[in-house]
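Scroll down for the structure; my scribbles are underneath it.
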Amino acid sequence: MEHYRSLDDVYLQDSWLTIGVFDGVHRGHQEILANLTAGAHQKEAPAVVLTFWPHPAVVLGKRYDLKTLTTPEERADLLGALGVDVVITQTFTPEFARLSAWDFMRRVSRRLGLRSLWIGYDFALGHNREGDLERLTEIGEDLGYSVQAIGPVKNGEDVISSSLIRKRISLGQVAHAAENLGRFYALSGPVVHGDGRGRRINIPTANIDYPKDKVIPVNGVYACWAWIGEEKHPAAVNIGINPTFTPDKETSNVEAHILDFDRELYGQELKLEFVEYLREELRFNSVEALLEQIHADIAQTRKILK
């Protein structure tokens with residue numbers, strides 16, 4: 001998979017393309033991508049995804065507090081694993097947003113030699129979202145590409161969407177989010193030094209410096225899988241301010257107690273996959289009460305990940 005940071009850096013021929021933010025690369029996105037990659041590869045054509053960063057809703061002032069499910073690098077890796085040949089992460093600007101659907105698609109067609117465009121059922125692009133399915137089909141007749149639209153994918157009564165998954169994760173509903181994503185939600189980052197309190201009470205934790213523009217599950221305790229390179233370990237993870245010791249802390253820590261593990265990890269990359277929410281973060285009256293609860297959390301984690 002090749003990852004470009006601008007449409008202007010790419011020149012292709014006879015490409016099959018889908019366009020969108022694709023935050024999370026969830027099951028709805030995967031339905032589009034499965035059709036795109038299968039058709040493109042049957043024709044020996046490149047399967048291409050054109051996506052955007054920062055999120056258009058932030059650039060356009062519609063959301064100031066938006067946290068994403070994936071970083072551009074994570075998103076590109078997920079797309080590549082699903083068979084996409086080329087990912088273009090286009091910088092989204094107000095000037096870019098003012099392009100008409102015609103001007104945008106002419107630019108895309110020239111750079112990619114576009115032959116087939118695959119979109120979601122509610123997709124639209126261009127100034128004032130004028131480029132809906134009908135308009136993109138009209139433009140395609142002039143520029144020489146066809147358009148295929150994929151309907152919604154549901155989980156029960158819910159239409160799967162990035163915004164729904166963000167909400168689920170922010171409420172701690174990580175198991176439900178995993179159903180919609182088609183995988184566990186993950187946070188990754190280097191292991192950094194904490195205050196060392198966990199080791200002093202014989203419950204050592206690895207603190208990760210997680211991306212601050214990603215959605216973080218609500219404060220609480222979770223059963224997780226911890227990945228260190230190709231190694232997979234069960235872990236009880238606390239997200240929060242540790243109110244027993246630092247009740248005035250404002251920024252949440254992400255601390256993983258990796259079960260049956262005793263190696264130094266400082267500076268190494270650690271990925272946490274959130275499997276299940278265990279409980280809310282609590283303030284305890286004593287270290288003894290805290291330890292009793294931590295051991296109960298560890299036992300519950302073992303049972304869930306058995």
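Naming works like this for the structure tokens: A, B, ... for the chains as they're shown, residue 1 at the start of each chain, ligands 1 onward in shown order.
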So which bits of range 7-154 of chain A end up helix (DSSP H, G or I) when you DSSP the backbone, as a VMD selection string? chain A and resid 7 to 9 27 to 42 56 to 59 72 to 81 94 to 97 101 to 112 127 to 129 133 to 143
Each residue of range 111-145 of chain A with at least one atom at most 7 Å from range 14-32 of chain A should appear once, together with its nearest atom pair and the corresponding distance in Å (one decimal); atoms considered: only C-alpha atoms; ordering: chain, then increasing residue number; output as CSV.
```
residue,atom,partner,partner_atom,distance
A:Leu112,CA,A:Ser15,CA,5.9
A:Gly113,CA,A:Asp14,CA,4.9
A:Leu114,CA,A:Ser15,CA,4.9
A:Arg115,CA,A:Asp14,CA,5.4
A:Ser116,CA,A:Trp16,CA,4.7
A:Leu117,CA,A:Leu17,CA,4.9
A:Trp118,CA,A:Thr18,CA,4.9
A:Ile119,CA,A:Thr18,CA,5.8
```
Go ahead and write the residues just picked, C-alpha atoms, as a CSV table (one decimal), in the first residue's frame.
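Okay, this is what ended up in out32.csv:
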```
chain,number,residue,atom,x,y,z
A,112,LEU,CA,-6.2,9.3,-11.0
A,113,GLY,CA,-7.5,8.4,-14.5
A,114,LEU,CA,-10.8,7.6,-12.7
A,115,ARG,CA,-13.0,4.9,-14.2
A,116,SER,CA,-15.2,3.8,-11.3
A,117,LEU,CA,-16.4,5.7,-8.2
A,118,TRP,CA,-17.8,3.9,-5.2
A,119,ILE,CA,-19.7,5.9,-2.5
```
Interatomic distance, CA of Pro54 in chain A to CA of Leu99 in chain A (Å, one decimal):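 Spanning CA of Pro54 in chain A to CA of Leu99 in chain A is a straight-line distance of 16.9 Å.
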Do you have the CA of Thr68 in chain A-CA of Ala226 in chain A distance handy? 20.9 Å
Just the strand (DSSP E) stuff from range 79-263 of chain A, please, per backbone DSSP, written as a VMD selection string. chain A and resid 86 to 91 114 to 120 146 to 150 154 to 155 158 to 159 185 to 192 206 to 208 220 to 228 231 to 240 253 to 258
Determine the nearest neighbour of Glu281 in chain A from the options A:Ser161, A:Ser188, A:Asn238, A:Ser109, counting only C-alpha atoms.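 The closest residue to Glu281 in chain A is A:Asn238.
Nearest residue to Ala235 in chain A, choosing from A:Val254, A:Val153, A:Met1, A:Leu33 and counting only C-alpha atoms: A:Val254.
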One-decimal distance in Å that lies between CA of Leu270 in chain A and CA of His193 in chain A: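 CA of Leu270 in chain A lies at a distance of 13.4 Å from CA of His193 in chain A.
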Residues within 12 Å of range 70-73 of chain A, please, as a PyMOL selection string. Count only C-alpha atoms; anything in the same chain fewer than 6 positions from it doesn't count. chain A and resi 2-5+21-26+50-55+79-80+87-91+162+165-166+181+185-189+210-216
Write the residues you've just listed into a file as a JSON list (two decimals), in the first residue's frame, and include N, CA and C atoms for each of them.
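What landed in out_35.json:
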```json
[["chain", "number", "residue", "atom", "x", "y", "z"],
["A", 2, "GLU", "N", 0.52, 2.20, -0.87],
["A", 2, "GLU", "CA", 1.23, 3.48, -0.91],
["A", 2, "GLU", "C", 0.35, 4.56, -0.27],
["A", 3, "HIS", "N", 0.98, 5.40, 0.53],
["A", 3, "HIS", "CA", 0.26, 6.44, 1.25],
["A", 3, "HIS", "C", 0.82, 7.80, 0.84],
["A", 4, "TYR", "N", -0.03, 8.61, 0.20],
["A", 4, "TYR", "CA", 0.35, 9.95, -0.24],
["A", 4, "TYR", "C", -0.36, 10.99, 0.62],
["A", 5, "ARG", "N", 0.24, 12.17, 0.74],
["A", 5, "ARG", "CA", -0.32, 13.25, 1.57],
["A", 5, "ARG", "C", -0.98, 14.35, 0.76],
["A", 21, "VAL", "N", -14.13, 10.52, 4.66],
["A", 21, "VAL", "CA", -13.24, 10.63, 5.83],
["A", 21, "VAL", "C", -12.81, 9.25, 6.30],
["A", 22, "PHE", "N", -13.73, 8.30, 6.31],
["A", 22, "PHE", "CA", -13.44, 6.91, 6.70],
["A", 22, "PHE", "C", -12.86, 6.83, 8.11],
["A", 23, "ASP", "N", -13.33, 7.68, 9.01],
["A", 23, "ASP", "CA", -12.84, 7.61, 10.38],
["A", 23, "ASP", "C", -13.28, 6.31, 11.04],
["A", 24, "GLY", "N", -12.33, 5.56, 11.51],
["A", 24, "GLY", "CA", -12.61, 4.28, 12.15],
["A", 24, "GLY", "C", -12.58, 3.09, 11.20],
["A", 25, "VAL", "N", -12.76, 3.33, 9.90],
["A", 25, "VAL", "CA", -12.84, 2.24, 8.92],
["A", 25, "VAL", "C", -13.75, 1.14, 9.48],
["A", 26, "HIS", "N", -14.99, 1.51, 9.77],
["A", 26, "HIS", "CA", -15.94, 0.61, 10.40],
["A", 26, "HIS", "C", -16.61, -0.32, 9.39],
["A", 50, "LEU", "N", -9.43, 8.17, -1.29],
["A", 50, "LEU", "CA", -9.10, 9.58, -1.07],
["A", 50, "LEU", "C", -9.80, 10.02, 0.21],
["A", 51, "THR", "N", -9.01, 10.36, 1.21],
["A", 51, "THR", "CA", -9.56, 10.75, 2.49],
["A", 51, "THR", "C", -8.97, 12.09, 2.91],
["A", 52, "PHE", "N", -9.39, 12.59, 4.08],
["A", 52, "PHE", "CA", -9.07, 13.98, 4.44],
["A", 52, "PHE", "C", -8.59, 14.09, 5.89],
["A", 53, "TRP", "N", -7.74, 15.07, 6.09],
["A", 53, "TRP", "CA", -7.26, 15.45, 7.43],
["A", 53, "TRP", "C", -6.85, 16.91, 7.40],
["A", 54, "PRO", "N", -7.26, 17.72, 8.36],
["A", 54, "PRO", "CA", -8.11, 17.42, 9.51],
["A", 54, "PRO", "C", -9.53, 17.08, 9.08],
["A", 55, "HIS", "N", -10.33, 16.67, 10.05],
["A", 55, "HIS", "CA", -11.71, 16.31, 9.76],
["A", 55, "HIS", "C", -12.45, 17.53, 9.21],
["A", 79, "LEU", "N", -6.81, 0.58, 6.02],
["A", 79, "LEU", "CA", -7.23, 0.52, 4.61],
["A", 79, "LEU", "C", -6.33, -0.41, 3.81],
["A", 80, "GLY", "N", -5.03, -0.33, 4.05],
["A", 80, "GLY", "CA", -4.11, -1.22, 3.36],
["A", 80, "GLY", "C", -4.36, -2.68, 3.69],
["A", 87, "VAL", "N", -3.62, 5.04, -0.74],
["A", 87, "VAL", "CA", -4.37, 5.92, 0.16],
["A", 87, "VAL", "C", -3.82, 7.33, -0.03],
["A", 88, "ILE", "N", -4.73, 8.29, -0.24],
["A", 88, "ILE", "CA", -4.35, 9.70, -0.36],
["A", 88, "ILE", "C", -5.01, 10.45, 0.79],
["A", 89, "THR", "N", -4.20, 10.96, 1.70],
["A", 89, "THR", "CA", -4.72, 11.76, 2.81],
["A", 89, "THR", "C", -4.55, 13.22, 2.45],
["A", 90, "GLN", "N", -5.61, 13.80, 1.91],
["A", 90, "GLN", "CA", -5.58, 15.18, 1.42],
["A", 90, "GLN", "C", -5.81, 16.16, 2.58],
["A", 91, "THR", "N", -4.96, 17.17, 2.68],
["A", 91, "THR", "CA", -5.18, 18.22, 3.67],
["A", 91, "THR", "C", -6.45, 18.98, 3.33],
["A", 162, "SER", "N", -19.56, 6.56, 12.01],
["A", 162, "SER", "CA", -18.44, 6.98, 12.85],
["A", 162, "SER", "C", -18.93, 7.77, 14.06],
["A", 165, "ILE", "N", -20.24, 5.44, 16.73],
["A", 165, "ILE", "CA", -19.15, 4.72, 17.41],
["A", 165, "ILE", "C", -18.42, 5.65, 18.36],
["A", 166, "ARG", "N", -18.18, 6.88, 17.95],
["A", 166, "ARG", "CA", -17.54, 7.85, 18.86],
["A", 166, "ARG", "C", -18.35, 8.00, 20.13],
["A", 181, "LEU", "N", -17.34, -1.61, 14.67],
["A", 181, "LEU", "CA", -16.05, -1.45, 14.00],
["A", 181, "LEU", "C", -15.63, -2.73, 13.27],
["A", 185, "TYR", "N", -11.73, -1.46, 19.58],
["A", 185, "TYR", "CA", -11.18, -0.10, 19.52],
["A", 185, "TYR", "C", -9.82, -0.10, 20.19],
["A", 186, "ALA", "N", -8.88, 0.65, 19.63],
["A", 186, "ALA", "CA", -7.50, 0.60, 20.12],
["A", 186, "ALA", "C", -6.93, 1.99, 20.35],
["A", 187, "LEU", "N", -6.09, 2.08, 21.38],
["A", 187, "LEU", "CA", -5.25, 3.24, 21.63],
["A", 187, "LEU", "C", -3.80, 2.78, 21.62],
["A", 188, "SER", "N", -2.94, 3.54, 20.98],
["A", 188, "SER", "CA", -1.53, 3.20, 20.92],
["A", 188, "SER", "C", -0.69, 4.40, 21.31],
["A", 189, "GLY", "N", 0.48, 4.11, 21.86],
["A", 189, "GLY", "CA", 1.41, 5.18, 22.18],
["A", 189, "GLY", "C", 2.62, 4.64, 22.91],
["A", 210, "TYR", "N", -0.97, 8.64, 24.83],
["A", 210, "TYR", "CA", -1.92, 8.42, 23.75],
["A", 210, "TYR", "C", -2.14, 9.70, 22.93],
["A", 211, "PRO", "N", -2.53, 9.58, 21.66],
["A", 211, "PRO", "CA", -2.81, 10.77, 20.83],
["A", 211, "PRO", "C", -3.97, 11.57, 21.42],
["A", 212, "LYS", "N", -3.75, 12.85, 21.65],
["A", 212, "LYS", "CA", -4.76, 13.66, 22.33],
["A", 212, "LYS", "C", -5.93, 14.04, 21.42],
["A", 213, "ASP", "N", -5.82, 13.78, 20.12],
["A", 213, "ASP", "CA", -6.95, 14.08, 19.23],
["A", 213, "ASP", "C", -7.80, 12.84, 18.94],
["A", 214, "LYS", "N", -7.56, 11.75, 19.68],
["A", 214, "LYS", "CA", -8.38, 10.54, 19.52],
["A", 214, "LYS", "C", -9.43, 10.45, 20.62],
["A", 215, "VAL", "N", -10.53, 9.76, 20.30],
["A", 215, "VAL", "CA", -11.57, 9.50, 21.28],
["A", 215, "VAL", "C", -11.00, 8.60, 22.39],
["A", 216, "ILE", "N", -11.23, 9.01, 23.64],
["A", 216, "ILE", "CA", -10.79, 8.22, 24.78],
["A", 216, "ILE", "C", -12.03, 7.69, 25.49]]
```
May I ask which of the residues A:Asp65, A:Ala236, A:Ser146, A:Val191 is the closest one to Gly267 in chain A, counting only C-alpha atoms?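 Result for the nearest residue to Gly267 in chain A: A:Val191.
Each of A:Asp9, A:Asp158, A:Glu280, A:Glu288 was checked against Pro217 in chain A using only C-alpha atoms; the smallest atom-to-atom distance is that of A:Glu280.
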Give me the residues near Tyr277 in chain A as a PyMOL selection string, where near means some atom within 12 Å (using only C-alpha atoms) and where sequence neighbours in that chain fewer than 3 positions away do not count. chain A and resi 168-178+217-224+236-239+273-274+280-281+297+300-301+304
Take the residues that were just selected and, keeping C-alpha atoms, output them as an mmCIF file, in the first residue's frame.
```
data_model
loop_
_atom_site.group_PDB
_atom_site.id
_atom_site.type_symbol
_atom_site.label_atom_id
_atom_site.label_comp_id
_atom_site.auth_asym_id
_atom_site.auth_seq_id
_atom_site.Cartn_x
_atom_site.Cartn_y
_atom_site.Cartn_z
ATOM 1 C CA ARG A 168 -20.429 4.609 22.249
ATOM 2 C CA ILE A 169 -16.734 4.817 23.110
ATOM 3 C CA SER A 170 -17.099 8.118 24.956
ATOM 4 C CA LEU A 171 -19.746 6.396 27.128
ATOM 5 C CA GLY A 172 -17.502 3.386 27.771
ATOM 6 C CA GLN A 173 -19.597 1.079 25.593
ATOM 7 C CA VAL A 174 -16.504 -0.466 24.010
ATOM 8 C CA ALA A 175 -18.047 -3.895 23.369
ATOM 9 C CA HIS A 176 -20.850 -2.314 21.329
ATOM 10 C CA ALA A 177 -18.309 -0.141 19.504
ATOM 11 C CA ALA A 178 -16.330 -3.269 18.615
ATOM 12 C CA PRO A 217 -13.207 5.866 26.568
ATOM 13 C CA VAL A 218 -14.896 7.338 29.626
ATOM 14 C CA ASN A 219 -12.920 7.156 32.866
ATOM 15 C CA GLY A 220 -13.099 3.691 34.361
ATOM 16 C CA VAL A 221 -11.567 0.221 34.324
ATOM 17 C CA TYR A 222 -11.498 -2.020 31.241
ATOM 18 C CA ALA A 223 -10.481 -5.521 30.222
ATOM 19 C CA CYS A 224 -8.066 -5.105 27.322
ATOM 20 C CA ALA A 236 -6.584 -4.525 33.272
ATOM 21 C CA VAL A 237 -6.575 -0.881 32.179
ATOM 22 C CA ASN A 238 -7.533 2.177 34.190
ATOM 23 C CA ILE A 239 -8.448 5.436 32.492
ATOM 24 C CA GLU A 273 -7.530 -3.086 22.497
ATOM 25 C CA PHE A 274 -10.625 -2.384 24.592
ATOM 26 C CA GLU A 280 -16.426 3.353 36.885
ATOM 27 C CA GLU A 281 -13.388 4.982 38.446
ATOM 28 C CA ASP A 297 -10.644 -6.215 38.574
ATOM 29 C CA GLN A 300 -12.660 -10.289 36.268
ATOM 30 C CA THR A 301 -10.267 -9.440 33.434
ATOM 31 C CA ILE A 304 -13.404 -12.153 30.357
#
```
Counting only C-alpha atoms, which of A:Pro94, A:Gly39, A:Leu282, A:Pro46 gets nearest to Gly61 in chain A?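 Counting only C-alpha atoms, the residue closest to Gly61 in chain A is A:Pro94.
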For each of A:Ile150, A:Arg263, A:Glu130, A:Leu78, take the minimum atom-to-atom distance to Gly182 in chain A, counting only C-alpha atoms, then give the residue where this is smallest. A:Leu78
Polymer residues at most 9 Å from Ile294 in chain A, only C-alpha atoms, same-chain spacing of 5 or more positions, as a PyMOL selection string: chain A and resi 203+236+289+299
